[in-house]
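Visitor: start-v5.cif is the file, holding mmCIF, C-alpha atoms:
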data_data
#
loop_
_atom_site.group_PDB
_atom_site.id
_atom_site.type_symbol
_atom_site.label_atom_id
_atom_site.label_comp_id
_atom_site.auth_asym_id
_atom_site.auth_seq_id
_atom_site.Cartn_x
_atom_site.Cartn_y
_atom_site.Cartn_z
ATOM 1 C CA MET Q 1 5.028 8.956 3.827
ATOM 2 C CA ASN Q 2 6.623 5.505 4.375
ATOM 3 C CA ASP Q 3 4.510 2.488 5.148
ATOM 4 C CA PHE Q 4 5.134 1.694 8.816
ATOM 5 C CA GLN Q 5 7.848 4.344 8.819
ATOM 6 C CA SER Q 6 9.119 5.467 12.202
ATOM 7 C CA THR Q 7 11.157 8.546 12.902
ATOM 8 C CA GLY Q 8 11.819 7.300 16.412
ATOM 9 C CA ALA Q 9 14.308 4.657 17.484
ATOM 10 C CA ASP Q 10 13.306 2.183 14.770
ATOM 11 C CA SER Q 11 14.251 4.679 12.031
ATOM 12 C CA ARG Q 12 17.894 5.088 13.022
ATOM 13 C CA SER Q 13 19.025 3.075 10.059
ATOM 14 C CA THR Q 14 22.586 2.824 8.824
ATOM 15 C CA ARG Q 15 21.468 2.398 5.210
ATOM 16 C CA THR Q 16 23.396 4.599 2.806
ATOM 17 C CA ASP Q 17 22.154 3.295 -0.552
ATOM 18 C CA VAL Q 18 19.814 6.207 -1.346
ATOM 19 C CA ARG Q 19 20.658 8.184 -4.471
ATOM 20 C CA SER Q 20 23.301 10.865 -3.996
ATOM 21 C CA VAL Q 21 22.487 12.595 -7.305
ATOM 22 C CA PRO Q 22 18.856 13.770 -7.587
ATOM 23 C CA THR Q 23 17.108 11.903 -10.404
ATOM 24 C CA SER Q 24 13.621 10.763 -11.302
ATOM 25 C CA ALA Q 25 15.045 7.329 -12.145
ATOM 26 C CA VAL Q 26 14.177 6.150 -8.616
ATOM 27 C CA PHE Q 27 10.496 6.429 -9.520
ATOM 28 C CA THR Q 28 10.694 4.929 -13.009
ATOM 29 C CA ALA Q 29 12.794 2.036 -11.670
ATOM 30 C CA ALA Q 30 9.942 1.255 -9.280
ATOM 31 C CA LEU Q 31 7.581 0.878 -12.266
ATOM 32 C CA ALA Q 32 9.690 -1.833 -13.919
ATOM 33 C CA LEU Q 33 7.214 -4.740 -13.860
ATOM 34 C CA THR Q 34 8.160 -8.305 -14.806
ATOM 35 C CA PRO Q 35 5.294 -10.493 -16.074
ATOM 36 C CA VAL Q 36 5.078 -13.845 -14.260
ATOM 37 C CA ASP Q 37 2.609 -16.714 -14.189
ATOM 38 C CA PRO Q 38 -0.384 -15.922 -11.958
ATOM 39 C CA GLU Q 39 -0.959 -17.973 -8.820
ATOM 40 C CA HIS Q 40 -4.217 -16.433 -7.575
ATOM 41 C CA PHE Q 41 -5.926 -14.266 -10.218
ATOM 42 C CA ASP Q 42 -5.751 -13.580 -13.968
ATOM 43 C CA LEU Q 43 -2.435 -11.737 -14.491
ATOM 44 C CA ALA Q 44 0.667 -11.289 -12.370
ATOM 45 C CA PHE Q 45 3.775 -9.094 -12.262
ATOM 46 C CA THR Q 46 6.689 -8.610 -9.900
ATOM 47 C CA ALA Q 47 8.230 -5.239 -9.024
ATOM 48 C CA ARG Q 48 10.985 -4.216 -6.627
ATOM 49 C CA THR Q 49 10.646 -1.628 -3.880
ATOM 50 C CA GLN Q 50 13.173 1.196 -4.000
ATOM 51 C CA PRO Q 51 15.848 2.116 -1.426
ATOM 52 C CA CYS Q 52 14.930 4.396 1.470
ATOM 53 C CA PRO Q 53 16.527 4.955 4.898
ATOM 54 C CA TRP Q 54 13.590 3.618 6.929
ATOM 55 C CA PRO Q 55 13.000 0.069 8.183
ATOM 56 C CA LYS Q 56 10.299 -0.617 5.583
ATOM 57 C CA ALA Q 57 9.456 0.403 2.016
ATOM 58 C CA TYR Q 58 7.765 3.635 0.943
ATOM 59 C CA GLY Q 59 4.008 3.140 0.543
ATOM 60 C CA GLY Q 60 3.902 5.081 -2.731
ATOM 61 C CA ASP Q 61 5.928 2.285 -4.330
ATOM 62 C CA MET Q 62 3.001 -0.082 -3.865
ATOM 63 C CA VAL Q 63 0.363 2.380 -5.059
ATOM 64 C CA ALA Q 64 2.299 3.225 -8.235
ATOM 65 C CA GLN Q 65 3.274 -0.379 -8.945
ATOM 66 C CA ALA Q 66 -0.301 -1.596 -8.470
ATOM 67 C CA ALA Q 67 -1.555 1.212 -10.713
ATOM 68 C CA ALA Q 68 0.938 0.157 -13.394
ATOM 69 C CA ALA Q 69 -0.086 -3.492 -13.100
ATOM 70 C CA ALA Q 70 -3.769 -2.599 -13.406
ATOM 71 C CA MET Q 71 -3.164 -0.268 -16.359
ATOM 72 C CA ARG Q 72 -1.259 -2.995 -18.211
ATOM 73 C CA SER Q 73 -4.393 -5.165 -18.031
ATOM 74 C CA VAL Q 74 -6.787 -2.660 -19.661
ATOM 75 C CA GLU Q 75 -7.003 -1.349 -23.232
ATOM 76 C CA GLY Q 76 -8.941 1.647 -24.513
ATOM 77 C CA LYS Q 77 -9.774 3.094 -21.086
ATOM 78 C CA THR Q 78 -8.065 5.439 -18.627
ATOM 79 C CA LEU Q 79 -7.545 4.920 -14.903
ATOM 80 C CA HIS Q 80 -9.889 7.270 -13.058
ATOM 81 C CA SER Q 81 -9.831 5.991 -9.452
ATOM 82 C CA MET Q 82 -7.963 3.756 -7.009
ATOM 83 C CA HIS Q 83 -8.872 2.678 -3.477
ATOM 84 C CA SER Q 84 -6.076 1.032 -1.505
ATOM 85 C CA TYR Q 85 -5.303 -0.615 1.829
ATOM 86 C CA PHE Q 86 -1.797 -1.145 3.199
ATOM 87 C CA LEU Q 87 -1.931 -4.474 5.029
ATOM 88 C CA ARG Q 88 1.614 -5.205 6.216
ATOM 89 C CA PRO Q 89 5.060 -3.558 6.201
ATOM 90 C CA VAL Q 90 6.972 -4.285 2.988
ATOM 91 C CA ASP Q 91 10.671 -5.147 2.745
ATOM 92 C CA ILE Q 92 13.000 -2.684 1.012
ATOM 93 C CA GLY Q 93 14.820 -3.755 -2.146
ATOM 94 C CA ALA Q 94 12.721 -6.899 -2.470
ATOM 95 C CA ASP Q 95 10.140 -8.061 -4.982
ATOM 96 C CA VAL Q 96 6.416 -7.683 -4.464
ATOM 97 C CA ARG Q 97 4.161 -9.949 -6.509
ATOM 98 C CA TYR Q 98 1.096 -8.138 -7.896
ATOM 99 C CA GLU Q 99 -1.836 -10.336 -8.901
ATOM 100 C CA VAL Q 100 -4.500 -8.661 -11.053
ATOM 101 C CA GLU Q 101 -8.105 -9.880 -11.101
ATOM 102 C CA LEU Q 102 -10.178 -8.844 -14.142
ATOM 103 C CA LEU Q 103 -13.425 -8.089 -12.330
ATOM 104 C CA ARG Q 104 -15.313 -6.399 -15.170
ATOM 105 C CA ASP Q 105 -14.842 -5.151 -18.714
ATOM 106 C CA GLY Q 106 -17.765 -3.095 -19.969
ATOM 107 C CA ARG Q 107 -18.163 -0.704 -22.865
ATOM 108 C CA GLY Q 108 -17.702 2.390 -20.703
ATOM 109 C CA TYR Q 109 -15.933 1.123 -17.589
ATOM 110 C CA ALA Q 110 -13.590 -1.620 -16.402
ATOM 111 C CA THR Q 111 -12.669 -2.710 -12.877
ATOM 112 C CA ARG Q 112 -9.602 -4.487 -11.540
ATOM 113 C CA GLN Q 113 -8.556 -5.813 -8.163
ATOM 114 C CA VAL Q 114 -4.822 -5.833 -7.491
ATOM 115 C CA ARG Q 115 -3.314 -7.661 -4.553
ATOM 116 C CA GLY Q 116 0.349 -7.445 -3.579
ATOM 117 C CA PHE Q 117 2.122 -10.385 -1.943
ATOM 118 C CA GLN Q 118 5.497 -10.613 -0.243
ATOM 119 C CA ASN Q 119 6.930 -13.515 1.768
ATOM 120 C CA GLY Q 120 3.792 -15.477 0.980
ATOM 121 C CA LYS Q 121 1.437 -12.972 2.632
ATOM 122 C CA PRO Q 122 -0.810 -10.206 1.259
ATOM 123 C CA VAL Q 123 0.767 -6.811 1.959
ATOM 124 C CA TYR Q 124 -1.365 -4.466 -0.157
ATOM 125 C CA THR Q 125 -4.696 -4.490 -1.964
ATOM 126 C CA CYS Q 126 -6.612 -2.069 -4.156
ATOM 127 C CA LEU Q 127 -9.550 -1.686 -6.500
ATOM 128 C CA ALA Q 128 -8.892 0.320 -9.661
ATOM 129 C CA ASN Q 129 -11.543 1.596 -12.061
ATOM 130 C CA PHE Q 130 -11.123 2.669 -15.687
ATOM 131 C CA ALA Q 131 -13.319 4.764 -17.967
ATOM 132 C CA ALA Q 132 -13.574 5.092 -21.743
ATOM 133 C CA GLY Q 133 -14.688 8.730 -21.352
ATOM 134 C CA GLU Q 134 -17.626 10.528 -22.927
ATOM 135 C CA PRO Q 135 -18.797 14.104 -23.612
ATOM 136 C CA GLY Q 136 -20.093 15.933 -20.553
ATOM 137 C CA ALA Q 137 -20.160 19.169 -18.596
ATOM 138 C CA THR Q 138 -16.949 20.319 -16.913
ATOM 139 C CA PHE Q 139 -16.243 21.658 -13.440
ATOM 140 C CA ALA Q 140 -12.918 21.926 -11.623
ATOM 141 C CA ALA Q 141 -11.881 23.048 -8.150
ATOM 142 C CA GLU Q 142 -9.883 26.246 -7.883
ATOM 143 C CA PRO Q 143 -6.315 26.227 -6.528
ATOM 144 C CA PRO Q 144 -5.538 28.136 -3.332
ATOM 145 C CA THR Q 145 -4.475 31.747 -3.728
ATOM 146 C CA GLY Q 146 -1.461 33.571 -2.367
ATOM 147 C CA ILE Q 147 0.965 30.661 -2.882
ATOM 148 C CA PRO Q 148 4.535 31.812 -3.634
ATOM 149 C CA ASP Q 149 6.151 30.708 -6.868
ATOM 150 C CA PRO Q 150 8.325 27.602 -6.379
ATOM 151 C CA THR Q 151 11.410 29.521 -7.505
ATOM 152 C CA GLU Q 152 10.944 31.740 -4.447
ATOM 153 C CA LEU Q 153 11.019 28.775 -2.038
ATOM 154 C CA PRO Q 154 13.932 26.656 -0.794
ATOM 155 C CA SER Q 155 14.240 23.094 -1.991
ATOM 156 C CA SER Q 156 14.324 20.346 0.631
ATOM 157 C CA ALA Q 157 18.088 20.115 0.157
ATOM 158 C CA THR Q 158 18.572 23.852 0.685
ATOM 159 C CA TYR Q 159 16.320 23.927 3.753
ATOM 160 C CA LEU Q 160 18.066 20.972 5.397
ATOM 161 C CA ARG Q 161 21.499 22.388 4.575
ATOM 162 C CA ASP Q 162 20.774 25.838 5.984
ATOM 163 C CA THR Q 163 18.429 25.225 8.927
ATOM 164 C CA THR Q 164 19.687 25.418 12.493
ATOM 165 C CA ALA Q 165 16.742 23.380 13.846
ATOM 166 C CA PRO Q 166 17.655 20.407 16.074
ATOM 167 C CA ARG Q 167 18.227 17.286 13.976
ATOM 168 C CA GLY Q 168 16.156 14.975 16.171
ATOM 169 C CA THR Q 169 16.248 11.446 14.765
ATOM 170 C CA MET Q 170 17.436 12.586 11.334
ATOM 171 C CA THR Q 171 20.488 10.659 10.124
ATOM 172 C CA PRO Q 172 22.820 11.516 7.227
ATOM 173 C CA ALA Q 173 21.014 8.869 5.156
ATOM 174 C CA SER Q 174 17.567 10.320 5.865
ATOM 175 C CA GLU Q 175 18.812 13.860 5.141
ATOM 176 C CA GLU Q 176 20.178 12.676 1.796
ATOM 177 C CA TYR Q 177 16.898 10.914 1.028
ATOM 178 C CA TRP Q 178 14.738 13.923 1.915
ATOM 179 C CA SER Q 179 17.076 16.168 -0.074
ATOM 180 C CA GLY Q 180 17.276 14.241 -3.331
ATOM 181 C CA GLY Q 181 16.369 10.573 -3.047
ATOM 182 C CA ARG Q 182 12.640 10.734 -3.776
ATOM 183 C CA SER Q 183 12.668 11.495 -7.538
ATOM 184 C CA PHE Q 184 10.788 14.789 -7.029
ATOM 185 C CA ASP Q 185 11.831 18.270 -5.944
ATOM 186 C CA MET Q 186 9.435 19.353 -3.149
ATOM 187 C CA ARG Q 187 8.999 22.895 -1.849
ATOM 188 C CA HIS Q 188 6.699 23.583 1.092
ATOM 189 C CA VAL Q 189 4.302 26.406 1.956
ATOM 190 C CA PRO Q 190 4.307 27.644 4.723
ATOM 191 C CA GLY Q 191 7.390 25.489 5.462
ATOM 192 C CA PRO Q 192 8.457 21.856 5.831
ATOM 193 C CA VAL Q 193 7.859 19.632 8.855
ATOM 194 C CA TYR Q 194 11.057 17.581 8.550
ATOM 195 C CA LEU Q 195 12.719 18.714 11.796
ATOM 196 C CA THR Q 196 10.211 21.114 13.316
ATOM 197 C CA VAL Q 197 6.867 22.571 12.252
ATOM 198 C CA GLU Q 198 7.954 25.534 10.139
ATOM 199 C CA GLY Q 199 5.348 28.244 9.719
ATOM 200 C CA GLU Q 200 1.881 28.485 11.186
ATOM 201 C CA ARG Q 201 0.081 25.630 12.935
ATOM 202 C CA VAL Q 202 -2.796 25.548 10.444
ATOM 203 C CA PRO Q 203 -4.666 22.634 8.834
ATOM 204 C CA GLN Q 204 -3.580 23.591 5.307
ATOM 205 C CA GLN Q 205 -0.291 23.385 3.498
ATOM 206 C CA ALA Q 206 0.861 23.288 -0.109
ATOM 207 C CA VAL Q 207 3.813 21.530 -1.717
ATOM 208 C CA TRP Q 208 5.207 22.341 -5.146
ATOM 209 C CA VAL Q 209 6.441 19.112 -6.782
ATOM 210 C CA ARG Q 210 8.388 18.461 -9.988
ATOM 211 C CA PRO Q 211 10.584 15.558 -11.172
ATOM 212 C CA PHE Q 212 14.291 16.239 -10.744
ATOM 213 C CA ASP Q 213 14.720 15.476 -14.448
ATOM 214 C CA ALA Q 214 12.582 14.277 -17.350
ATOM 215 C CA LEU Q 215 10.628 11.115 -16.567
ATOM 216 C CA ARG Q 216 12.033 8.156 -18.437
ATOM 217 C CA PRO Q 217 9.934 5.813 -20.595
ATOM 218 C CA VAL Q 218 8.465 2.803 -18.788
ATOM 219 C CA VAL Q 219 8.037 -0.490 -20.627
ATOM 220 C CA GLY Q 220 4.381 -1.445 -20.937
ATOM 221 C CA LEU Q 221 3.006 2.034 -20.200
ATOM 222 C CA THR Q 222 2.213 5.021 -22.369
ATOM 223 C CA SER Q 223 3.588 8.383 -21.250
ATOM 224 C CA GLU Q 224 0.115 9.339 -20.000
ATOM 225 C CA GLN Q 225 -0.149 6.127 -17.955
ATOM 226 C CA ARG Q 226 3.332 6.692 -16.531
ATOM 227 C CA ASP Q 227 2.321 10.218 -15.507
ATOM 228 C CA LEU Q 228 -0.779 8.906 -13.700
ATOM 229 C CA ALA Q 229 1.453 6.449 -11.847
ATOM 230 C CA ALA Q 230 3.800 9.346 -10.994
ATOM 231 C CA LEU Q 231 0.977 11.221 -9.275
ATOM 232 C CA ALA Q 232 0.057 8.062 -7.370
ATOM 233 C CA TYR Q 233 3.696 7.637 -6.360
ATOM 234 C CA VAL Q 234 4.516 11.144 -5.178
ATOM 235 C CA CYS Q 235 1.221 11.884 -3.391
ATOM 236 C CA ASP Q 236 2.028 9.639 -0.411
ATOM 237 C CA TYR Q 237 5.199 11.445 0.694
ATOM 238 C CA THR Q 238 3.530 14.504 2.194
ATOM 239 C CA ILE Q 239 -0.227 13.878 2.461
ATOM 240 C CA LEU Q 240 -0.167 13.324 6.255
ATOM 241 C CA GLU Q 241 1.888 16.469 6.871
ATOM 242 C CA PRO Q 242 -1.043 18.867 7.435
ATOM 243 C CA VAL Q 243 -2.205 16.520 10.207
ATOM 244 C CA LEU Q 244 1.301 16.513 11.714
ATOM 245 C CA ARG Q 245 1.316 20.305 11.440
ATOM 246 C CA MET Q 246 -1.923 20.566 13.448
ATOM 247 C CA LEU Q 247 -0.590 18.144 16.067
ATOM 248 C CA ASP Q 248 2.717 20.092 16.245
ATOM 249 C CA LEU Q 249 4.710 17.002 15.259
ATOM 250 C CA SER Q 250 7.651 16.713 12.871
ATOM 251 C CA TRP Q 251 8.987 13.669 11.023
ATOM 252 C CA ALA Q 252 12.273 13.698 12.950
ATOM 253 C CA GLN Q 253 10.732 14.273 16.383
ATOM 254 C CA PRO Q 254 11.736 11.418 18.711
ATOM 255 C CA GLY Q 255 8.850 9.027 19.337
ATOM 256 C CA VAL Q 256 6.840 9.903 16.215
ATOM 257 C CA VAL Q 257 5.657 6.852 14.250
ATOM 258 C CA THR Q 258 3.489 6.943 11.122
ATOM 259 C CA ALA Q 259 2.050 4.370 8.751
ATOM 260 C CA SER Q 260 -0.174 4.619 5.686
ATOM 261 C CA LEU Q 261 -3.426 2.752 6.379
ATOM 262 C CA ASP Q 262 -5.677 3.415 3.411
ATOM 263 C CA HIS Q 263 -5.599 5.643 0.369
ATOM 264 C CA SER Q 264 -8.004 6.813 -2.317
ATOM 265 C CA MET Q 265 -7.215 8.754 -5.473
ATOM 266 C CA TRP Q 266 -9.281 10.143 -8.331
ATOM 267 C CA PHE Q 267 -7.742 11.192 -11.642
ATOM 268 C CA HIS Q 268 -9.851 13.923 -13.249
ATOM 269 C CA ARG Q 269 -7.891 14.954 -16.341
ATOM 270 C CA PRO Q 270 -4.407 14.502 -17.813
ATOM 271 C CA GLY Q 271 -1.670 17.071 -17.405
ATOM 272 C CA PRO Q 272 2.059 17.486 -17.942
ATOM 273 C CA LEU Q 273 4.425 16.041 -15.346
ATOM 274 C CA ASP Q 274 7.489 17.907 -16.623
ATOM 275 C CA GLU Q 275 6.516 21.181 -14.914
ATOM 276 C CA TRP Q 276 5.766 22.288 -11.365
ATOM 277 C CA LEU Q 277 2.536 20.959 -9.869
ATOM 278 C CA LEU Q 278 0.880 22.443 -6.789
ATOM 279 C CA TYR Q 279 -0.217 19.815 -4.251
ATOM 280 C CA ALA Q 280 -2.729 21.608 -1.981
ATOM 281 C CA GLN Q 281 -3.424 19.649 1.217
ATOM 282 C CA GLU Q 282 -5.756 19.904 4.201
ATOM 283 C CA ALA Q 283 -6.045 18.045 7.509
ATOM 284 C CA VAL Q 284 -9.567 16.706 8.028
ATOM 285 C CA ALA Q 285 -9.452 14.807 11.338
ATOM 286 C CA ALA Q 286 -7.119 13.342 13.940
ATOM 287 C CA ASP Q 287 -8.225 11.005 16.727
ATOM 288 C CA SER Q 288 -7.612 7.536 18.177
ATOM 289 C CA GLY Q 289 -4.087 7.402 16.770
ATOM 290 C CA ARG Q 290 -5.192 8.096 13.187
ATOM 291 C CA GLY Q 291 -5.210 11.156 10.965
ATOM 292 C CA LEU Q 292 -7.052 11.912 7.721
ATOM 293 C CA ALA Q 293 -5.978 14.405 5.065
ATOM 294 C CA VAL Q 294 -7.094 15.326 1.551
ATOM 295 C CA GLY Q 295 -5.076 16.810 -1.266
ATOM 296 C CA ARG Q 296 -5.519 18.174 -4.784
ATOM 297 C CA PHE Q 297 -2.984 18.402 -7.600
ATOM 298 C CA PHE Q 298 -3.055 21.510 -9.825
ATOM 299 C CA THR Q 299 -0.906 22.549 -12.754
ATOM 300 C CA ALA Q 300 0.953 25.843 -12.454
ATOM 301 C CA SER Q 301 -1.815 27.397 -14.572
ATOM 302 C CA GLY Q 302 -4.506 26.135 -12.168
ATOM 303 C CA THR Q 303 -5.893 23.016 -13.873
ATOM 304 C CA HIS Q 304 -7.157 20.471 -11.322
ATOM 305 C CA LEU Q 305 -5.604 17.084 -12.214
ATOM 306 C CA ALA Q 306 -6.304 14.727 -9.313
ATOM 307 C CA THR Q 307 -7.657 14.422 -5.760
ATOM 308 C CA VAL Q 308 -6.258 12.314 -2.901
ATOM 309 C CA ALA Q 309 -7.594 11.189 0.485
ATOM 310 C CA GLN Q 310 -5.473 9.217 2.930
ATOM 311 C CA GLU Q 311 -5.738 8.030 6.508
ATOM 312 C CA GLY Q 312 -2.634 7.115 8.423
ATOM 313 C CA LEU Q 313 -1.546 5.882 11.808
ATOM 314 C CA ILE Q 314 0.103 8.668 13.839
ATOM 315 C CA ARG Q 315 1.704 7.894 17.180
ATOM 316 C CA SER Q 316 3.812 10.079 19.410
ATOM 317 C CA SER Q 317 5.371 9.500 22.798
#
How does the structure come out when it is put into structure tokens?

Guide:
Amino acid sequence: MNDFQSTGADSRSTRTDVRSVPTSAVFTAALALTPVDPEHFDLAFTARTQPCPWPKAYGGDMVAQAAAAAMRSVEGKTLHSMHSYFLRPVDIGADVRYEVELLRDGRGYATRQVRGFQNGKPVYTCLANFAAGEPGATFAAEPPTGIPDPTELPSSATYLRDTTAPRGTMTPASEEYWSGGRSFDMRHVPGPVYLTVEGERVPQQAVWVRPFDALRPVVGLTSEQRDLAALAYVCDYTILEPVLRMLDLSWAQPGVVTASLDHSMWFHRPGPLDEWLLYAQEAVAADSGRGLAVGRFFTASGTHLATVAQEGLIRSS
């Protein structure tokens, strides 16, 4: 979810600058990169983290911004994988400087290193690989069965409005953010873990996701590149939730602290981002204050678009 985000005492923020009207512009604003002179590597850009009601910025901002910076350095090839580490908490509403190193440009593949800096220190790093593509056999994972249609499920806003569950550490600002401040409508199966663990305590969950409105153009990116960045952006919000579900922890439970540690993502094939996508997730392990989960994005018709793996810090008191 949020890099070094706490739903305990540290999260009781008085920030109120999250969006009150649901819009995907929060995401596309995060992808607005400004070219600057490099200080460390070959190319450099700055980008601003977006408002959220936690002490530090959302980790998906960095993943999407780094993906955009890497994609702007490559021609004729498509991003097919990213491997990231979150090094330090990142300030909200402040610029991050992304330095891109051109590690390799081959006929079939290209590799980039992207390092994010803030306040003079590295805060994020990733390796990104690109492929020209070639003919080959095809295989794709199957989506889970028995998942209700998203129109049959409550939105986050509806759930939070109607639930009688104890509010825990949730503030009006965090409720507004969960309801409509994240650019994407999210609908959980078997139920969300905002305030309490809704539904069964099982290692699997699924989340239907769709932009609140049509994704806007992003300078320097094609629509396909923007859509890849959108998957990288939205995947971080809920990927640790199946681990929380197994540990019987909710985001707003007092004493719960999470942080994204590392993140890997593979992009298998393009797909439309203007329709519902099913994000099927599974908890893999939890021990020593860390949890690992994997996820897969499918179109509504069952096409497997991308796969995610993420480990995060999970503390509870």

Visitor: Residues of stretch 110-146 of chain Q that have any atom at most 12 Å from an atom of stretch 47-62 of chain Q: could you tabulate them with the shortest-distance atom pair and the distance in Å to one decimal, using all atoms listed in the file, ordered by chain and increasing number, as a tab-separated table?

Guide:
residue	atom	partner	partner_atom	distance
Q:Val114	CA	Q:Met62	CA	10.4
Q:Arg115	CA	Q:Met62	CA	9.9
Q:Gly116	CA	Q:Met62	CA	7.8
Q:Phe117	CA	Q:Met62	CA	10.5
Q:Gln118	CA	Q:Arg48	CA	10.6
Q:Pro122	CA	Q:Met62	CA	12.0
Q:Val123	CA	Q:Met62	CA	9.2
Q:Tyr124	CA	Q:Met62	CA	7.2
Q:Thr125	CA	Q:Met62	CA	9.1
Q:Cys126	CA	Q:Met62	CA	9.8

Visitor: Which is closer to Q:Thr307 than all the others in Q:Met170, Q:Val243, Q:Leu273, Q:Met82, using all atoms listed in the file?

Guide: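 Closest to Q:Thr307 of all the choices is Q:Met82.
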
Visitor: Ranking Q:Ala137, Q:Ala232, Q:Leu261, Q:Ala131 by minimum distance to Q:Ala64 and counting only C-alpha atoms, which one comes first?

Guide: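 So, comparing all the options, the nearest one is Q:Ala232.
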
Visitor: Excluding Q:Val189 and its own-chain neighbours fewer than 5 positions away, which residues fall within 7 Å of it when counting all atoms listed in the file? Please give them as a list in words.

Guide: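 Near Q:Val189, the qualifying residues are Gln205, Ala206 and Val207 of chain Q.
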
Visitor: Restricting the output to C-alpha atoms, write the selected residues as a CSV table (one decimal), in the frame of the given file.

Guide:
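Contents of the output file part32.csv:
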chain,number,residue,atom,x,y,z
Q,205,GLN,CA,-0.3,23.4,3.5
Q,206,ALA,CA,0.9,23.3,-0.1
Q,207,VAL,CA,3.8,21.5,-1.7

Visitor: Would you please work out which residue, of Q:Leu33, Q:Leu228, Q:Ala252, Q:Ala132, is nearest to Q:Gly76 when using all atoms listed in the file?

Guide: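 For Q:Gly76, the nearest of the given residues is Q:Ala132.
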
Visitor: Return the single residue from Q:Arg210, Q:Arg269, Q:Arg182, Q:Arg216 that is closest to Q:Val21, with distances computed using all atoms listed in the file.

Guide: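 Distance minimum relative to Q:Val21 lands on Q:Arg182.
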
Visitor: Give the answer as one residue: which of Q:Ala141, Q:Val209, Q:Leu292, Q:Leu277 has the shortest atom-to-atom distance to Q:Met246, using all atoms listed in the file?

Guide: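 Checking each candidate against Q:Met246, we get Q:Leu292 as the closest.
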
Visitor: Give as a list in words each residue that has an atom at most 10 Å from (19.2, 13.0, -16.1) in the file, counting all atoms listed in the file.

Guide: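 Checking each residue against the 10 Å limit leaves Val21, Pro22, Thr23, Ser24, Ala25, Phe212, Asp213, Ala214, Leu215 and Arg216 of chain Q.
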
Visitor: Quick one: apply the PyMOL selection byres ((chain Q and resi 263) around 6) to the file and drop the selected residues here as an MDAnalysis selection string.

Guide: chainID Q and resid 83:84 262 264 309:310

Visitor: Step by step, work through what the PyMOL selection byres ((chain Q and resi 157) around 9) selects in the shown file, and finish by giving those residues as a list in words.

Guide: Pro154, Ser155, Ser156, Thr158, Tyr159, Leu160, Arg161, Asp162, Glu175, Glu176, Trp178, Ser179, Gly180 and Asp185 of chain Q

Visitor: Measure the distance from atom CA of Q:Ala306 to atom CA of Q:Trp266 in Å and round it to one decimal.

Guide: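 Computing the Euclidean distance for atom CA of Q:Ala306 and atom CA of Q:Trp266 yields 5.6 Å.
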
Visitor: I'd like the contact shell of stretch 143-149 of chain Q - 9 Å cut-off, only C-alpha atoms, skipping same-chain residues fewer than 6 positions apart - returned as number ranges by chain.

Guide: Q: 189-190, 206, 208, 278, 280, 296-298, 302-304

Visitor: For the structure provided, state which residues fall under the PyMOL selection byres ((chain Q and resi 112) around 8), and present them as an MDAnalysis selection string.

Guide: chainID Q and resid 70 100:104 110:111 113:114 127:129

Visitor: Put those residues in a file: C-alpha atoms, as a PDB file, keeping the file's coordinate frame.

Guide:
ATOM      1  CA  ALA Q  70      -3.769  -2.599 -13.406  1.00  0.00           C
ATOM      2  CA  VAL Q 100      -4.500  -8.661 -11.053  1.00  0.00           C
ATOM      3  CA  GLU Q 101      -8.105  -9.880 -11.101  1.00  0.00           C
ATOM      4  CA  LEU Q 102     -10.178  -8.844 -14.142  1.00  0.00           C
ATOM      5  CA  LEU Q 103     -13.425  -8.089 -12.330  1.00  0.00           C
ATOM      6  CA  ARG Q 104     -15.313  -6.399 -15.170  1.00  0.00           C
ATOM      7  CA  ALA Q 110     -13.590  -1.620 -16.402  1.00  0.00           C
ATOM      8  CA  THR Q 111     -12.669  -2.710 -12.877  1.00  0.00           C
ATOM      9  CA  GLN Q 113      -8.556  -5.813  -8.163  1.00  0.00           C
ATOM     10  CA  VAL Q 114      -4.822  -5.833  -7.491  1.00  0.00           C
ATOM     11  CA  LEU Q 127      -9.550  -1.686  -6.500  1.00  0.00           C
ATOM     12  CA  ALA Q 128      -8.892   0.320  -9.661  1.00  0.00           C
ATOM     13  CA  ASN Q 129     -11.543   1.596 -12.061  1.00  0.00           C
TER      14      ASN Q 129
END
